[in-house]
Structures are given as structure tokens and as C-alpha cells.
Amino acid sequence: MASLNKQQKRAKRAKIKAKQINIHGRKPAALDDDLGEIGEPIPEYTLAMFSKMRDAEAISRNDMLLTLLSNLAEIISDHPELLDMENADNEAMAATHLAADMLIDYRMWADGMDRDAAQAWLTDPQFITDFGDALDSYRESLDAQVEKAE
């Protein structure tokens with residue numbers, strides 16, 4: 001388990017990222033494109049990704065995770081400022097942190113979980129295994145695309 005200091009930094013980073021992408025406090029019943037009482041719109045790219053993730057999750061968790069990974073790659077390409085390079089050793093770690101933050105925010109958006117429950121879902125051993133499997137599949141598909149292009 002990470003040290004208390006590291007956990008606090010991660011929590012602070014997650015809160016900042018949630019504010020950056022305007023989804024902190026998302027109410028599950030309001031599946032439109034605003035934040036209810038906060039009144040801030042969710043960026044279209046985030047709302048679109050969450051909608052795709054929800055549709056994919058109806059098929060399987062793996063499909064939902066692959067949808068996250070492929071959409072997040074595009075989002076990072078278009079919005080590199082979302083990567084928190086100050087609290088990461090490299091770009092891959094920053095992308096992993098962003099993916100974790102997005103997953104927490106997605107769960108809050110899709111199911112109305114509070115942040116603590118969403119973080120608990122994210123740290124479930126089966127979820128961690130599923131995420132690792134999806135990441136391996138995603139990397140293999142990228143490698144196959146590169147080979148095909150060459």
C-alpha cells in the first residue's frame with residue numbers, strides 16, 4: 001500500500017483533475033451534459049467517452065476498459081495538459097494516473113458512487129487484474145497496427 005503522503009498527493013491530484021475536466025460532483029440521475037447544482041458543463045469529449053464506456057460496459061468490463069484506453073489516447077493527444085507530469089515519473093505513469101482518475105469519475109457519473117466508493121472499486125484486486133489484461137490487449141492492438149503500417 002502506498003504511503004499516507006503518496007495517497008494524499010494522489011487524492012489531491014484526482015481532485016484537481018476532476019475539476020479540470022469538470023465532473024467532480026456528477027449526479028447519476030442527470031445524464032445530460034451539465035453538473036446540476038454546480039452548473040458547469042462536462043467537456044463534450046469526456047461526456048462522449050463516458051457514454052461509450054457505459055455502452056461497452058453493458059457488454060463486458062474488458063470492452064469498457066478498452067473503450068477507455070482508446071478514447072483516452074485521443075483525449076491526451078488533443079489535451080496534453082491533462083497529464084500531470086509534476087506528480088509522475090514519466091508520461092506513461094501520468095497517463096495511468098489520468099486513466100485512474102477518469103475511471104473514478106466515470107463510476108461516480110455512471111452509478112452515483114461517492115469518491116471513496118469509486119476508489120474502492122478501482123482498487124479491487126479483480127478490477128486491477130482486468131485493467132492489466134485490457135492494457136495488455138490494447139498494447140498488442142497498437143503493436144499490430146504499427147506492424148501493419150510498416
# chains A, B, ... in the order shown; residues from 1 in each chain; ligands from 1
$ residues_around --residues "Ala92 of chain A" --least-positions-apart "5" --cutoff "12 Å" --atoms "only C-alpha atoms" --output "list of chain:residue names"
A:Ala73, A:Ile76, A:Leu83, A:Asp84, A:Met85, A:Asn87, A:His97, A:Leu98, A:Ala99, A:Leu135
$ write_last_selection --atoms "C-alpha atoms" --output "JSON list (two decimals), in the first residue's frame"
[["chain", "number", "residue", "atom", "x", "y", "z"],
["A", 73, "ALA", "CA", -5.28, 8.16, -26.05],
["A", 76, "ILE", "CA", -4.43, 13.04, -24.35],
["A", 83, "LEU", "CA", -1.31, 14.83, -17.97],
["A", 84, "ASP", "CA", 0.05, 15.68, -14.53],
["A", 85, "MET", "CA", 3.78, 15.45, -15.18],
["A", 87, "ASN", "CA", 3.41, 14.02, -9.88],
["A", 97, "HIS", "CA", -2.91, 8.30, -13.20],
["A", 98, "LEU", "CA", -5.25, 10.08, -15.62],
["A", 99, "ALA", "CA", -6.88, 6.77, -16.54],
["A", 135, "LEU", "CA", -3.95, -2.75, -21.06]]
$ residues_around --residues "Ser137 of chain A" --least-positions-apart "2" --cutoff "12 Å" --atoms "only C-alpha atoms" --output "PDB file with N, CA and C atoms, in the first residue's frame"
ATOM      1  N   ASN A  62     -14.133  -5.703 -19.819  1.00  0.00           N
ATOM      2  CA  ASN A  62     -12.988  -5.589 -20.716  1.00  0.00           C
ATOM      3  C   ASN A  62     -13.286  -4.612 -21.850  1.00  0.00           C
ATOM      4  N   ASP A  63     -14.473  -4.696 -22.438  1.00  0.00           N
ATOM      5  CA  ASP A  63     -14.845  -3.762 -23.506  1.00  0.00           C
ATOM      6  C   ASP A  63     -14.865  -2.323 -22.987  1.00  0.00           C
ATOM      7  N   LEU A  65     -13.074  -1.104 -20.514  1.00  0.00           N
ATOM      8  CA  LEU A  65     -11.696  -0.671 -20.293  1.00  0.00           C
ATOM      9  C   LEU A  65     -10.980  -0.394 -21.611  1.00  0.00           C
ATOM     10  N   LEU A  66     -11.213  -1.209 -22.611  1.00  0.00           N
ATOM     11  CA  LEU A  66     -10.610  -0.958 -23.923  1.00  0.00           C
ATOM     12  C   LEU A  66     -11.142   0.339 -24.526  1.00  0.00           C
ATOM     13  N   THR A  67     -12.414   0.618 -24.313  1.00  0.00           N
ATOM     14  CA  THR A  67     -13.002   1.872 -24.777  1.00  0.00           C
ATOM     15  C   THR A  67     -12.334   3.050 -24.071  1.00  0.00           C
ATOM     16  N   LEU A  69      -9.298   3.149 -22.773  1.00  0.00           N
ATOM     17  CA  LEU A  69      -7.915   3.286 -23.217  1.00  0.00           C
ATOM     18  C   LEU A  69      -7.820   3.914 -24.607  1.00  0.00           C
ATOM     19  N   SER A  70      -8.647   3.471 -25.527  1.00  0.00           N
ATOM     20  CA  SER A  70      -8.571   4.023 -26.880  1.00  0.00           C
ATOM     21  C   SER A  70      -9.035   5.476 -26.923  1.00  0.00           C
ATOM     22  N   ASP A 130      -8.232  -7.162 -14.260  1.00  0.00           N
ATOM     23  CA  ASP A 130      -8.950  -6.878 -15.505  1.00  0.00           C
ATOM     24  C   ASP A 130      -8.341  -5.687 -16.243  1.00  0.00           C
ATOM     25  N   PHE A 131      -7.944  -4.659 -15.492  1.00  0.00           N
ATOM     26  CA  PHE A 131      -7.333  -3.493 -16.117  1.00  0.00           C
ATOM     27  C   PHE A 131      -5.993  -3.870 -16.752  1.00  0.00           C
ATOM     28  N   GLY A 132      -5.202  -4.662 -16.054  1.00  0.00           N
ATOM     29  CA  GLY A 132      -3.924  -5.117 -16.608  1.00  0.00           C
ATOM     30  C   GLY A 132      -4.118  -5.919 -17.883  1.00  0.00           C
ATOM     31  N   ASP A 133      -5.128  -6.801 -17.890  1.00  0.00           N
ATOM     32  CA  ASP A 133      -5.427  -7.583 -19.094  1.00  0.00           C
ATOM     33  C   ASP A 133      -5.859  -6.680 -20.248  1.00  0.00           C
ATOM     34  N   ALA A 134      -6.704  -5.707 -19.953  1.00  0.00           N
ATOM     35  CA  ALA A 134      -7.159  -4.780 -21.000  1.00  0.00           C
ATOM     36  C   ALA A 134      -5.991  -3.949 -21.526  1.00  0.00           C
ATOM     37  N   LEU A 135      -5.111  -3.524 -20.647  1.00  0.00           N
ATOM     38  CA  LEU A 135      -3.945  -2.752 -21.063  1.00  0.00           C
ATOM     39  C   LEU A 135      -3.036  -3.578 -21.960  1.00  0.00           C
ATOM     40  N   ARG A 139      -2.215  -2.664 -25.830  1.00  0.00           N
ATOM     41  CA  ARG A 139      -0.839  -2.547 -26.326  1.00  0.00           C
ATOM     42  C   ARG A 139      -0.600  -3.489 -27.508  1.00  0.00           C
ATOM     43  N   GLU A 140      -1.129  -4.702 -27.426  1.00  0.00           N
ATOM     44  CA  GLU A 140      -0.987  -5.652 -28.532  1.00  0.00           C
ATOM     45  C   GLU A 140      -1.663  -5.123 -29.790  1.00  0.00           C
ATOM     46  N   SER A 141      -2.824  -4.506 -29.634  1.00  0.00           N
ATOM     47  CA  SER A 141      -3.522  -3.971 -30.810  1.00  0.00           C
ATOM     48  C   SER A 141      -2.736  -2.808 -31.409  1.00  0.00           C
ATOM     49  N   LEU A 142      -2.105  -1.993 -30.564  1.00  0.00           N
ATOM     50  CA  LEU A 142      -1.269  -0.908 -31.079  1.00  0.00           C
ATOM     51  C   LEU A 142      -0.057  -1.463 -31.819  1.00  0.00           C
ATOM     52  N   ASP A 143       0.573  -2.481 -31.258  1.00  0.00           N
ATOM     53  CA  ASP A 143       1.725  -3.108 -31.910  1.00  0.00           C
ATOM     54  C   ASP A 143       1.323  -3.692 -33.263  1.00  0.00           C
ATOM     55  N   ALA A 144       0.146  -4.318 -33.311  1.00  0.00           N
ATOM     56  CA  ALA A 144      -0.330  -4.897 -34.564  1.00  0.00           C
ATOM     57  C   ALA A 144      -0.580  -3.803 -35.606  1.00  0.00           C
TER      58      ALA A 144
END
$ atom_distance --atom1 "atom CA of Pro80 of chain A" --atom2 "atom CA of Ala94 of chain A"
10.4 Å
$ closest_residue --among "A:Thr129, A:Ala118, A:Ile104, A:Glu81" --to "Phe50 of chain A" --atoms "only C-alpha atoms"
A:Ile104
$ closest_residue --among "A:Met64, A:Ala88, A:Leu122, A:Ala149" --to "Asp101 of chain A" --atoms "only C-alpha atoms"
A:Leu122
$ closest_residue --among "A:Leu82, A:Met93, A:Ala110, A:Leu72" --to "Glu57 of chain A" --atoms "only C-alpha atoms"
A:Ala110
